[in-house]
>>> print(open('query.cif').read())   # mmCIF, C-alpha atoms
data_structure
#
loop_
_atom_site.label_atom_id
_atom_site.label_comp_id
_atom_site.auth_asym_id
_atom_site.auth_seq_id
_atom_site.Cartn_x
_atom_site.Cartn_y
_atom_site.Cartn_z
CA MET A 1066 -17.69 -0.32 -20.08
CA PRO A 1067 -16.25 3.18 -20.10
CA VAL A 1068 -13.52 5.14 -18.48
CA LEU A 1069 -15.60 7.71 -16.60
CA LYS A 1070 -13.05 10.30 -15.59
CA VAL A 1071 -9.36 10.99 -16.04
CA SER A 1072 -7.52 13.66 -14.08
CA ALA A 1073 -4.01 14.35 -15.32
CA ALA A 1074 -3.53 17.07 -12.71
CA ASP A 1075 -4.52 14.89 -9.77
CA GLN A 1076 -3.21 11.69 -11.35
CA TYR A 1077 -6.17 9.37 -11.09
CA LEU A 1078 -8.66 7.58 -13.32
CA ILE A 1079 -12.18 6.34 -12.63
CA ALA A 1080 -13.65 3.50 -14.68
CA THR A 1081 -16.46 0.98 -14.41
CA GLY A 1082 -15.63 -2.56 -13.33
CA ASP A 1083 -16.29 -3.99 -16.78
CA THR A 1084 -13.78 -1.68 -18.47
CA ARG A 1085 -11.15 -3.67 -20.33
CA LEU A 1086 -7.55 -3.11 -19.28
CA LEU A 1087 -6.49 -1.90 -22.70
CA GLU A 1088 -9.36 0.60 -22.73
CA VAL A 1089 -7.77 2.11 -19.64
CA TRP A 1090 -4.42 2.24 -21.42
CA GLU A 1091 -6.04 3.99 -24.38
CA ALA A 1092 -7.56 6.62 -22.10
CA LEU A 1093 -4.32 7.55 -20.30
CA PRO A 1094 -2.99 11.08 -20.40
CA GLU A 1095 0.53 11.43 -21.79
CA GLY A 1096 3.17 10.44 -19.25
CA LEU A 1097 0.87 8.72 -16.73
CA PHE A 1098 0.61 4.98 -16.08
CA PRO A 1099 -1.86 2.63 -14.36
CA PRO A 1100 -1.01 -0.12 -11.84
CA PHE A 1101 -1.01 -2.90 -14.48
CA PRO A 1102 0.96 -3.58 -17.67
CA PRO A 1103 -0.46 -3.06 -21.20
CA VAL A 1104 -1.92 -6.54 -21.54
CA GLU A 1105 -5.53 -7.69 -21.72
CA LEU A 1106 -6.70 -10.22 -19.13
CA PRO A 1107 -10.09 -11.86 -18.48
CA GLY A 1108 -12.76 -9.85 -16.68
CA GLY A 1109 -11.40 -6.36 -17.25
CA LEU A 1110 -10.79 -4.16 -14.21
CA ASP A 1111 -13.22 -6.17 -12.07
CA GLY A 1112 -11.37 -9.40 -12.80
CA LEU A 1113 -7.97 -7.81 -12.28
CA LEU A 1114 -8.85 -6.32 -8.89
CA LYS A 1115 -10.52 -9.51 -7.68
CA ARG A 1116 -7.35 -11.43 -8.50
CA GLY A 1117 -5.21 -8.84 -6.69
CA GLY A 1118 -3.59 -7.40 -9.80
CA PHE A 1119 -1.14 -8.87 -12.27
CA ALA A 1120 2.64 -8.77 -12.58
CA GLN A 1121 3.19 -5.83 -10.21
CA THR A 1122 6.39 -5.74 -8.17
CA PHE A 1123 4.89 -3.28 -5.65
CA PHE A 1124 1.90 -3.23 -3.27
CA VAL A 1125 -0.98 -2.87 -5.70
CA GLY A 1126 -3.57 -2.16 -3.00
CA SER A 1127 -2.19 1.31 -2.39
CA GLU A 1128 -2.81 2.18 -6.05
CA VAL A 1129 -6.55 1.59 -5.72
CA LEU A 1130 -7.82 4.82 -4.20
CA GLY A 1131 -11.48 3.91 -4.12
CA LEU A 1132 -13.96 1.20 -5.04
CA LYS A 1133 -17.69 0.99 -5.46
CA PHE A 1134 -18.71 -2.66 -5.33
CA ARG A 1135 -21.79 -4.81 -4.94
CA SER A 1136 -21.44 -7.23 -2.04
CA PRO A 1137 -22.65 -10.86 -2.15
CA ARG A 1138 -25.67 -9.83 -0.07
CA GLY A 1139 -26.54 -7.14 -2.58
CA HIS A 1140 -25.26 -4.08 -0.75
CA THR A 1141 -23.65 -1.35 -2.84
CA ILE A 1142 -20.55 -0.30 -0.94
CA GLN A 1143 -18.50 2.82 -1.56
CA ALA A 1144 -15.06 2.26 -0.08
CA GLY A 1145 -12.21 4.76 -0.03
CA GLY A 1146 -12.11 7.73 -2.34
CA LEU A 1147 -9.89 10.54 -3.49
CA THR A 1148 -8.74 12.03 -0.20
CA VAL A 1149 -5.94 10.69 1.97
CA LYS A 1150 -8.31 10.63 4.94
CA ASN A 1151 -10.60 8.11 3.30
CA VAL A 1152 -7.70 5.97 2.21
CA GLN A 1153 -6.40 5.25 5.68
CA GLY A 1154 -9.28 4.47 8.02
CA TYR A 1155 -11.88 1.70 8.15
CA ASP A 1156 -10.41 0.28 4.98
CA LEU A 1157 -12.68 -1.87 2.79
CA VAL A 1158 -10.76 -1.22 -0.44
CA ARG A 1159 -7.74 -3.37 0.37
CA PRO A 1160 -9.70 -6.46 1.51
CA PHE A 1161 -11.49 -6.37 -1.86
CA VAL A 1162 -8.24 -6.37 -3.84
CA GLY A 1163 -7.32 -10.07 -4.02
CA SER A 1164 -10.68 -11.27 -2.71
CA PHE A 1165 -11.14 -13.60 -5.73
CA GLY A 1166 -14.78 -12.60 -6.03
CA ALA A 1167 -15.72 -13.41 -2.46
CA LEU A 1168 -16.64 -9.81 -1.61
CA GLY A 1169 -18.70 -9.23 -4.77
CA ASP A 1170 -18.23 -7.31 -8.00
CA VAL A 1171 -16.55 -4.01 -8.84
CA LEU A 1172 -18.97 -1.38 -10.11
CA GLU A 1173 -16.44 1.45 -10.25
CA ALA A 1174 -12.75 1.78 -9.43
CA THR A 1175 -10.61 4.84 -8.83
CA LEU A 1176 -7.00 4.09 -9.73
CA ARG A 1177 -3.90 6.11 -8.97
CA LEU A 1178 -1.85 6.98 -12.04
CA ARG A 1179 1.91 7.35 -11.67
CA PRO A 1180 4.12 9.61 -13.78
CA GLY A 1181 6.93 8.47 -16.03
CA ARG A 1182 8.65 10.32 -18.85
CA ALA A 1183 9.82 7.09 -20.43
CA SER A 1184 8.65 3.49 -20.65
CA VAL A 1185 9.83 0.20 -22.05
CA PHE A 1186 8.19 -3.18 -22.79
CA VAL A 1187 10.65 -6.03 -23.22
CA GLN A 1188 10.87 -9.81 -23.21
CA ARG A 1189 13.67 -12.32 -23.05
CA LYS A 1190 13.82 -16.11 -23.21
CA GLY A 1191 13.77 -17.94 -19.90
CA GLU A 1192 11.86 -18.52 -16.70
CA LEU A 1193 10.78 -15.85 -14.27
CA ALA A 1194 13.49 -14.70 -11.87
CA GLU A 1195 13.81 -11.42 -10.03
CA PRO A 1196 16.32 -9.24 -11.91
CA PRO A 1197 18.74 -7.07 -9.88
CA HIS A 1198 17.11 -3.96 -11.31
CA LYS A 1199 13.39 -4.32 -10.66
CA PRO A 1200 10.82 -3.18 -13.25
CA ARG A 1201 7.31 -2.03 -12.29
CA PHE A 1202 5.84 -5.19 -13.85
CA LEU A 1203 7.42 -8.58 -14.34
CA TRP A 1204 5.91 -11.86 -15.49
CA GLN A 1205 6.48 -15.03 -17.45
CA ALA A 1206 4.37 -15.89 -20.50
CA LEU A 1207 5.06 -19.34 -21.89
CA ALA A 1208 8.84 -19.52 -22.51
CA HIS A 1209 9.52 -15.77 -22.11
CA THR A 1210 9.99 -13.46 -19.16
CA CYS A 1211 8.34 -10.11 -19.85
CA ALA A 1212 8.86 -6.76 -18.18
CA TYR A 1213 7.24 -3.36 -18.41
CA HIS A 1214 8.90 -0.43 -16.77
CA PHE A 1215 8.33 3.31 -16.65
CA GLY A 1216 9.84 6.28 -14.86
CA HIS A 1217 12.78 8.60 -15.34
CA PRO A 1218 14.33 8.14 -18.81
CA LEU A 1219 17.79 7.32 -17.43
CA GLU A 1220 16.36 4.83 -15.00
CA VAL A 1221 14.26 3.13 -17.68
CA GLU A 1222 17.25 3.02 -20.03
CA ARG A 1223 19.39 1.42 -17.31
CA PHE A 1224 16.72 -1.20 -16.69
CA ALA A 1225 16.41 -2.04 -20.39
CA GLN A 1226 20.17 -2.46 -20.72
CA THR A 1227 20.54 -4.81 -17.75
CA PHE A 1228 17.42 -6.82 -18.65
CA GLY A 1229 18.38 -7.40 -22.27
CA GLY A 1230 16.04 -9.32 -24.58
CA GLU A 1231 13.96 -7.70 -27.29
CA GLU A 1232 11.38 -4.98 -27.39
CA VAL A 1233 7.67 -5.86 -27.41
CA ARG A 1234 5.70 -3.59 -29.73
CA GLY A 1235 2.25 -2.45 -28.72
CA THR A 1236 0.04 -4.43 -26.36
CA LEU A 1237 -0.69 -8.10 -25.74
CA ASP A 1238 -3.97 -9.94 -25.33
CA TYR A 1239 -3.77 -12.91 -22.97
CA THR A 1240 -7.51 -13.59 -22.81
CA PRO A 1241 -7.33 -16.45 -25.39
CA LEU A 1242 -5.19 -18.33 -22.84
CA PHE A 1243 -8.17 -18.40 -20.46
CA PRO A 1244 -11.36 -19.55 -22.23
CA ASN A 1245 -12.62 -20.96 -18.93
CA GLY A 1246 -11.53 -18.04 -16.77
CA MET A 1247 -8.30 -17.03 -15.06
CA GLY A 1248 -7.50 -18.61 -11.72
CA VAL A 1249 -4.60 -19.96 -9.72
CA GLY A 1250 -2.95 -23.17 -10.88
CA PRO A 1251 -0.22 -24.55 -13.14
CA GLY A 1252 -0.44 -22.49 -16.32
CA HIS A 1253 1.31 -20.45 -18.96
CA LEU A 1254 1.25 -17.07 -17.23
CA ILE A 1255 3.25 -16.61 -14.02
CA ASP A 1256 3.98 -13.60 -11.85
CA LEU A 1257 5.69 -13.19 -8.49
CA ARG A 1258 2.46 -14.09 -6.67
CA PHE A 1259 0.95 -17.00 -8.57
CA SER A 1260 0.93 -19.22 -11.59
CA TRP A 1261 -2.28 -18.44 -13.47
CA ALA A 1262 -4.28 -21.23 -15.12
CA ASP A 1263 -7.19 -21.52 -17.52
CA GLY A 1264 -10.16 -22.52 -15.38
CA GLY A 1265 -7.94 -22.20 -12.32
CA THR A 1266 -9.24 -21.97 -8.79
CA ARG A 1267 -9.04 -19.35 -6.08
CA PRO A 1268 -6.64 -19.89 -3.18
CA PRO A 1269 -8.00 -21.31 0.09
CA MET A 1270 -9.69 -18.66 2.22
CA PRO A 1271 -8.72 -18.02 5.85
CA GLU A 1272 -11.54 -18.60 8.34
CA ALA A 1273 -11.60 -15.01 9.61
CA TYR A 1274 -11.93 -13.72 6.06
CA GLN A 1275 -14.83 -16.12 5.51
CA ARG A 1276 -16.68 -14.37 8.36
CA LEU A 1277 -16.13 -11.04 6.59
CA VAL A 1278 -17.53 -12.53 3.38
CA GLU A 1279 -20.67 -13.71 5.14
CA ALA A 1280 -21.22 -10.37 6.85
CA ILE A 1281 -20.64 -7.90 4.07
CA MET B 1010 6.66 -5.49 25.34
CA PRO B 1011 9.60 -6.67 23.26
CA VAL B 1012 10.87 -6.55 19.76
CA LEU B 1013 10.77 -10.26 18.91
CA LYS B 1014 12.79 -10.46 15.73
CA VAL B 1015 14.77 -8.17 13.46
CA SER B 1016 16.02 -9.22 10.04
CA ALA B 1017 18.43 -6.78 8.45
CA ALA B 1018 18.84 -9.04 5.41
CA ASP B 1019 15.12 -9.34 4.72
CA GLN B 1020 14.31 -5.87 6.04
CA TYR B 1021 11.55 -6.55 8.52
CA LEU B 1022 10.90 -6.42 12.25
CA ILE B 1023 8.42 -8.33 14.41
CA ALA B 1024 7.25 -6.87 17.73
CA THR B 1025 4.38 -7.32 20.16
CA GLY B 1026 1.50 -4.86 20.05
CA ASP B 1027 2.48 -3.28 23.36
CA THR B 1028 6.00 -2.42 22.19
CA ARG B 1029 6.68 1.28 22.48
CA LEU B 1030 7.57 3.10 19.27
CA LEU B 1031 10.94 4.23 20.57
CA GLU B 1032 11.76 0.65 21.59
CA VAL B 1033 11.38 -0.23 17.92
CA TRP B 1034 13.71 2.62 16.99
CA GLU B 1035 16.28 1.37 19.50
CA ALA B 1036 16.16 -2.12 17.99
CA LEU B 1037 16.74 -1.04 14.38
CA PRO B 1038 19.72 -2.32 12.42
CA GLU B 1039 22.00 0.39 11.04
CA GLY B 1040 20.55 2.02 7.95
CA LEU B 1041 17.00 0.65 8.20
CA PHE B 1042 13.90 2.63 9.16
CA PRO B 1043 10.33 1.82 10.32
CA PRO B 1044 7.10 3.32 8.93
CA PHE B 1045 6.83 5.94 11.70
CA PRO B 1046 9.03 8.82 12.90
CA PRO B 1047 11.17 8.69 16.09
CA VAL B 1048 8.47 9.98 18.42
CA GLU B 1049 6.59 8.24 21.22
CA LEU B 1050 2.80 8.16 21.01
CA PRO B 1051 0.10 6.61 23.24
CA GLY B 1052 -0.51 2.88 23.03
CA GLY B 1053 2.74 1.82 21.37
CA LEU B 1054 2.54 -0.18 18.14
CA ASP B 1055 -1.02 -1.31 18.87
CA GLY B 1056 -2.20 2.29 19.29
CA LEU B 1057 -0.29 3.47 16.22
CA LEU B 1058 -1.71 0.79 13.92
CA LYS B 1059 -5.26 1.23 15.21
CA ARG B 1060 -5.01 4.93 14.41
CA GLY B 1061 -3.64 4.18 10.92
CA GLY B 1062 -0.13 5.45 11.58
CA PHE B 1063 1.22 8.91 12.24
CA ALA B 1064 2.73 11.59 10.02
CA GLN B 1065 3.47 9.32 7.04
CA THR B 1066 3.28 10.83 3.55
CA PHE B 1067 2.91 7.38 1.93
CA PHE B 1068 0.44 4.49 2.16
CA VAL B 1069 1.28 3.03 5.55
CA GLY B 1070 -0.79 -0.13 5.09
CA SER B 1071 1.70 -1.55 2.62
CA GLU B 1072 4.43 -1.32 5.28
CA VAL B 1073 2.59 -3.68 7.62
CA LEU B 1074 3.45 -7.11 6.28
CA GLY B 1075 1.57 -9.13 8.87
CA LEU B 1076 -0.57 -8.84 11.97
CA LYS B 1077 -1.68 -11.18 14.70
CA PHE B 1078 -4.65 -9.62 16.46
CA ARG B 1079 -7.43 -10.53 18.87
CA SER B 1080 -10.84 -9.73 17.43
CA PRO B 1081 -13.70 -8.22 19.47
CA ARG B 1082 -15.31 -11.69 19.60
CA GLY B 1083 -12.11 -13.17 21.01
CA HIS B 1084 -10.72 -14.83 17.90
CA THR B 1085 -6.97 -14.73 17.44
CA ILE B 1086 -6.41 -13.86 13.79
CA GLN B 1087 -3.14 -14.19 11.88
CA ALA B 1088 -3.33 -11.92 8.86
CA GLY B 1089 -0.67 -11.52 6.18
CA GLY B 1090 2.90 -12.57 6.73
CA LEU B 1091 6.32 -12.40 5.19
CA THR B 1092 5.64 -13.61 1.66
CA VAL B 1093 4.24 -11.52 -1.17
CA LYS B 1094 1.53 -14.12 -1.71
CA ASN B 1095 0.07 -13.58 1.74
CA VAL B 1096 0.21 -9.84 1.35
CA GLN B 1097 -2.08 -9.65 -1.66
CA GLY B 1098 -5.02 -11.95 -1.19
CA TYR B 1099 -7.89 -12.08 1.30
CA ASP B 1100 -6.40 -9.09 3.04
CA LEU B 1101 -7.26 -8.61 6.73
CA VAL B 1102 -4.13 -6.60 7.55
CA ARG B 1103 -5.14 -3.39 5.80
CA PRO B 1104 -8.67 -3.17 7.26
CA PHE B 1105 -7.07 -3.37 10.73
CA VAL B 1106 -4.74 -0.43 10.03
CA GLY B 1107 -6.90 2.61 10.82
CA SER B 1108 -9.68 0.58 12.44
CA PHE B 1109 -9.55 2.74 15.60
CA GLY B 1110 -9.86 -0.33 17.80
CA ALA B 1111 -13.01 -1.67 16.16
CA LEU B 1112 -11.34 -4.88 14.94
CA GLY B 1113 -9.61 -5.63 18.26
CA ASP B 1114 -6.06 -5.45 19.58
CA VAL B 1115 -2.66 -6.08 18.00
CA LEU B 1116 -0.82 -9.02 19.54
CA GLU B 1117 2.09 -9.00 17.09
CA ALA B 1118 3.01 -6.89 14.08
CA THR B 1119 5.49 -7.55 11.27
CA LEU B 1120 6.73 -4.24 9.87
CA ARG B 1121 8.68 -3.61 6.69
CA LEU B 1122 11.92 -1.71 7.24
CA ARG B 1123 13.18 0.56 4.49
CA PRO B 1124 16.82 1.38 3.79
CA GLY B 1125 18.39 4.82 3.96
CA ARG B 1126 22.04 5.79 4.20
CA ALA B 1127 21.17 9.18 5.64
CA SER B 1128 18.41 10.71 7.74
CA VAL B 1129 17.40 14.10 9.07
CA PHE B 1130 14.96 15.32 11.75
CA VAL B 1131 14.05 19.01 11.44
CA GLN B 1132 11.47 21.54 12.55
CA ARG B 1133 10.53 25.03 11.50
CA LYS B 1134 8.04 27.60 12.79
CA GLY B 1135 4.65 27.63 11.14
CA GLU B 1136 1.59 25.58 10.30
CA LEU B 1137 1.54 22.33 8.39
CA ALA B 1138 1.72 22.70 4.61
CA GLU B 1139 2.95 20.21 2.05
CA PRO B 1140 6.48 21.22 1.03
CA PRO B 1141 7.51 20.87 -2.65
CA HIS B 1142 10.06 18.24 -1.66
CA LYS B 1143 8.15 15.64 0.38
CA PRO B 1144 9.77 13.99 3.42
CA ARG B 1145 8.81 10.49 4.60
CA PHE B 1146 7.10 11.98 7.68
CA LEU B 1147 5.55 15.39 8.15
CA TRP B 1148 3.51 16.79 11.01
CA GLN B 1149 2.72 19.86 13.07
CA ALA B 1150 3.36 19.95 16.83
CA LEU B 1151 2.05 23.08 18.51
CA ALA B 1152 3.57 26.04 16.58
CA HIS B 1153 6.16 24.01 14.62
CA THR B 1154 6.06 21.88 11.50
CA CYS B 1155 8.29 18.84 11.91
CA ALA B 1156 9.75 16.52 9.31
CA TYR B 1157 11.72 13.33 9.36
CA HIS B 1158 13.30 12.09 6.19
CA PHE B 1159 15.65 9.27 5.22
CA GLY B 1160 17.07 7.87 2.01
CA HIS B 1161 19.97 8.60 -0.29
CA PRO B 1162 22.37 11.12 1.28
CA LEU B 1163 22.05 13.61 -1.60
CA GLU B 1164 18.29 13.38 -1.55
CA VAL B 1165 18.13 13.89 2.23
CA GLU B 1166 20.52 16.83 2.01
CA ARG B 1167 18.40 18.43 -0.71
CA PHE B 1168 15.28 18.01 1.41
CA ALA B 1169 16.93 19.56 4.47
CA GLN B 1170 18.09 22.57 2.46
CA THR B 1171 14.69 23.33 0.94
CA PHE B 1172 12.82 22.70 4.21
CA GLY B 1173 15.04 24.96 6.33
CA GLY B 1174 14.39 25.31 10.06
CA GLU B 1175 16.54 23.71 12.73
CA GLU B 1176 17.67 20.22 13.53
CA VAL B 1177 15.83 18.21 16.20
CA ARG B 1178 18.26 16.17 18.30
CA GLY B 1179 17.28 12.68 19.40
CA THR B 1180 13.66 11.60 19.82
CA LEU B 1181 10.47 13.22 21.09
CA ASP B 1182 7.82 11.96 23.51
CA TYR B 1183 4.32 13.20 22.72
CA THR B 1184 2.50 10.95 25.21
CA PRO B 1185 2.20 13.75 27.85
CA LEU B 1186 -0.03 15.60 25.34
CA PHE B 1187 -2.56 12.75 25.58
CA PRO B 1188 -3.30 11.85 29.24
CA ASN B 1189 -6.81 10.76 28.20
CA GLY B 1190 -5.77 8.95 25.03
CA MET B 1191 -5.08 10.01 21.45
CA GLY B 1192 -8.03 10.45 19.14
CA VAL B 1193 -9.29 12.66 16.36
CA GLY B 1194 -10.27 16.24 17.18
CA PRO B 1195 -8.89 19.77 17.49
CA GLY B 1196 -5.50 19.38 19.17
CA HIS B 1197 -1.81 20.19 19.21
CA LEU B 1198 -0.59 17.43 16.92
CA ILE B 1199 -1.62 17.47 13.25
CA ASP B 1200 -0.66 15.33 10.28
CA LEU B 1201 -1.95 15.16 6.70
CA ARG B 1202 -4.80 12.86 7.79
CA PHE B 1203 -6.12 14.30 11.04
CA SER B 1204 -5.76 16.69 13.92
CA TRP B 1205 -5.07 14.58 17.00
CA ALA B 1206 -6.65 15.49 20.34
CA ASP B 1207 -6.29 14.44 23.95
CA GLY B 1208 -9.33 12.30 24.70
CA GLY B 1209 -10.31 12.63 21.05
CA THR B 1210 -12.79 10.38 19.33
CA ARG B 1211 -12.64 7.98 16.42
CA PRO B 1212 -14.08 9.03 13.07
CA PRO B 1213 -17.60 7.88 12.13
CA MET B 1214 -17.66 4.31 10.82
CA PRO B 1215 -19.20 3.37 7.46
CA GLU B 1216 -22.11 0.95 7.70
CA ALA B 1217 -20.42 -1.79 5.66
CA TYR B 1218 -17.38 -1.65 7.92
CA GLN B 1219 -19.67 -2.00 10.94
CA ARG B 1220 -20.86 -5.33 9.54
CA LEU B 1221 -17.24 -6.48 9.31
CA VAL B 1222 -16.69 -5.44 12.94
CA GLU B 1223 -19.67 -7.47 14.10
CA ALA B 1224 -18.63 -10.54 12.13
CA ILE B 1225 -14.96 -10.78 12.89
#
>>> encode(input="query.cif", output="structure tokens")
Amino acid sequence: MPVLKVSAADQYLIATGDTRLLEVWEALPEGLFPPFPPVELPGGLDGLLKRGGFAQTFFVGSEVLGLKFRSPRGHTIQAGGLTVKNVQGYDLVRPFVGSFGALGDVLEATLRLRPGRASVFVQRKGELAEPPHKPRFLWQALAHTCAYHFGHPLEVERFAQTFGGEEVRGTLDYTPLFPNGMGVGPGHLIDLRFSWADGGTRPPMPEAYQRLVEAI
Amino acid sequence: MPVLKVSAADQYLIATGDTRLLEVWEALPEGLFPPFPPVELPGGLDGLLKRGGFAQTFFVGSEVLGLKFRSPRGHTIQAGGLTVKNVQGYDLVRPFVGSFGALGDVLEATLRLRPGRASVFVQRKGELAEPPHKPRFLWQALAHTCAYHFGHPLEVERFAQTFGGEEVRGTLDYTPLFPNGMGVGPGHLIDLRFSWADGGTRPPMPEAYQRLVEAI
């Protein structure tokens, strides 16, 4: 379950699907950030990508530069890669992100890292609502709304001031909330896409997507 | 071939696949911009999306919020839509963008519009190279490198100063360069992804993607 490669110069990271999210955070070069907040969730990178990410306030698919995955029929598929050309033609990366397991399992993922000279992890009491100043990551955990933001120091400072609340130190582990797996349903963790439940289900699948699943 | 709906408040536009790119530009609300520069290209929106966009320096797939398309087997498929939830699960929008016609034809597209209080359209002599200050759109046409940028007035002004060259007035029509259709190959129009040729081909298709094409 290792991080296989980190390039600070080219701002990407390659890791196996079973890499835990906090292992990725530990492997980051100074000043670079992955497309998920510093929290542990069930299933590591594979689980995160199947569920379509967590807590992001941006299009997470564009942050996944490449994927090697094993399809339900047993094919090993290399989708996307490190060049722009691969990223924008015959795209099989983006359908995987948010496939809820229907397209198979992640063997290896190449993630874009984004730069930020400052970062902040905060929480405040109350239900999830979109703040006027949007952080990179925003979610509700039990009775708190949490936010993680990074970027230019002034910008991060401005966010922290308008958001209020208190600082969260270190990282959080949400896996104990999901002994039976993380799926969609009424639960204690909520982001702008879904409420996430222990033993929750996957959303209903469109018919055309089902044909893709059967073919790939 | 009409623009069907424009929402300035929610920053999106819906148009049929056969809408010309400059028709979209004419329909824009003040201060909002589409994910392509003000140039006409073969095949209108349908052609543009099949080819995976033109000249963008960002991930264009995230700017296509929804697609209604007719698959090669004659299915009408509604993919994505206006809510974040639709955008990030069971994604059939992104595989269409850059499918080079293999997944069928666009009937209707919902595009994200992005705000900018200023914009600039410039060209300078010389071959395409990535400038230190990156515009939203960058391409080479014959002996010139062209750029279109929009955003905050100061930011746009700074780009224009570092880029140099001369202002381009109005819009450009590149369709006469492609009497036999626009494809990939040595040609007079070049962006960061491909060189575009009259009567050019589509890039080779990965095997796994071919299975998707046959199924959908």
>>> residues_around(input="query.cif", residues="Gly1174 in chain B", least_positions_apart="6", cutoff="7 Å", atoms="only C-alpha atoms", output="PyMOL selection string")
chain B and resi 1131-1133
>>> atom_distance(input="query.cif", atom1="CA of Leu1178 in chain A", atom2="CA of Glu1105 in chain A")
18.0 Å
>>> resolve_selection(input="query.cif", expression="the PyMOL selection byres ((chain B) within 9 of (chain A))", output="ChimeraX atom specification")
/B:1059-1062,1068-1071,1084,1086-1088,1092-1109,1111,1201-1203,1212,1214-1218,1220-1225
>>> closest_residue(input="query.cif", among="B:Phe1130, B:Phe1078, B:Phe1063, B:Trp1034", to="Gly1173 in chain B", atoms="only C-alpha atoms")
B:Phe1130
>>> atom_distance(input="query.cif", atom1="CA of Val1073 in chain B", atom2="CA of Phe1042 in chain B")
13.0 Å
>>> closest_residue(input="query.cif", among="A:Leu1113, A:Ala1092, A:Leu1069, A:Val1185", to="Phe1228 in chain A", atoms="only C-alpha atoms")
A:Val1185
>>> atom_distance(input="query.cif", atom1="CA of Gly1250 in chain A", atom2="CA of Lys1190 in chain A")
22.0 Å
>>> resolve_selection(input="query.cif", expression="the PyMOL selection byres ((chain B and resi 1191) around 6)", output="PDB file with C-alpha atoms, keeping the file's coordinate frame")
ATOM      1  CA  PHE B1187      -2.560  12.750  25.580  1.00  0.00           C
ATOM      2  CA  GLY B1190      -5.770   8.950  25.030  1.00  0.00           C
ATOM      3  CA  GLY B1192      -8.030  10.450  19.140  1.00  0.00           C
ATOM      4  CA  ALA B1206      -6.650  15.490  20.340  1.00  0.00           C
ATOM      5  CA  ASP B1207      -6.290  14.440  23.950  1.00  0.00           C
ATOM      6  CA  GLY B1208      -9.330  12.300  24.700  1.00  0.00           C
ATOM      7  CA  GLY B1209     -10.310  12.630  21.050  1.00  0.00           C
TER       8      GLY B1209
END
>>> resolve_selection(input="query.cif", expression="the PyMOL selection byres ((chain A and resi 1082) around 7)", output="tab-separated table (two decimals) with C-alpha atoms, keeping the file's coordinate frame")
chain	number	residue	atom	x	y	z
A	1080	ALA	CA	-13.65	3.50	-14.68
A	1081	THR	CA	-16.46	0.98	-14.41
A	1083	ASP	CA	-16.29	-3.99	-16.78
A	1084	THR	CA	-13.78	-1.68	-18.47
A	1109	GLY	CA	-11.40	-6.36	-17.25
A	1110	LEU	CA	-10.79	-4.16	-14.21
A	1111	ASP	CA	-13.22	-6.17	-12.07
A	1171	VAL	CA	-16.55	-4.01	-8.84
A	1172	LEU	CA	-18.97	-1.38	-10.11
A	1173	GLU	CA	-16.44	1.45	-10.25
A	1174	ALA	CA	-12.75	1.78	-9.43
>>> closest_residue(input="query.cif", among="B:Glu1166, B:Val1033, B:Leu1181, B:Lys1077", to="His1142 in chain B", atoms="only C-alpha atoms")
B:Glu1166
>>> residues_near_point(input="query.cif", point="(-2.6, -6.1, -20.6)", cutoff="9 Å", atoms="all atoms listed in the file", output="VMD selection string")
chain A and resid 1085 to 1087 1090 1101 to 1106 1119 1236 to 1239
>>> closest_residue(input="query.cif", among="B:Lys1143, B:Arg1126, B:Arg1121, B:Lys1014", to="Phe1159 in chain B", atoms="only C-alpha atoms")
B:Arg1126
>>> closest_residue(input="query.cif", among="A:Pro1180, A:Gly1169, A:Gly1108, A:Leu1147", to="Leu1093 in chain A", atoms="all atoms listed in the file")
A:Pro1180
>>> closest_residue(input="query.cif", among="B:Pro1140, B:His1161, B:Val1012, B:Ser1128", to="Glu1176 in chain B", atoms="only C-alpha atoms")
B:Ser1128
>>> decode(input="query.cif", residues="range 1070-1081 of chain B", atoms="C-alpha atoms", output="PDB file, in the first residue's frame")
ATOM      1  CA  GLY B1070     -14.468  18.296 -19.371  1.00  0.00           C
ATOM      2  CA  SER B1071     -15.350  19.955 -16.091  1.00  0.00           C
ATOM      3  CA  GLU B1072     -16.949  22.848 -18.013  1.00  0.00           C
ATOM      4  CA  VAL B1073     -19.487  20.565 -19.682  1.00  0.00           C
ATOM      5  CA  LEU B1074     -22.174  20.150 -17.046  1.00  0.00           C
ATOM      6  CA  GLY B1075     -24.502  17.963 -19.067  1.00  0.00           C
ATOM      7  CA  LEU B1076     -24.949  16.322 -22.442  1.00  0.00           C
ATOM      8  CA  LYS B1077     -27.824  14.774 -24.318  1.00  0.00           C
ATOM      9  CA  PHE B1078     -26.404  12.644 -27.101  1.00  0.00           C
ATOM     10  CA  ARG B1079     -27.467   9.951 -29.559  1.00  0.00           C
ATOM     11  CA  SER B1080     -25.283   6.861 -29.259  1.00  0.00           C
ATOM     12  CA  PRO B1081     -24.050   4.839 -32.266  1.00  0.00           C
TER      13      PRO B1081
END
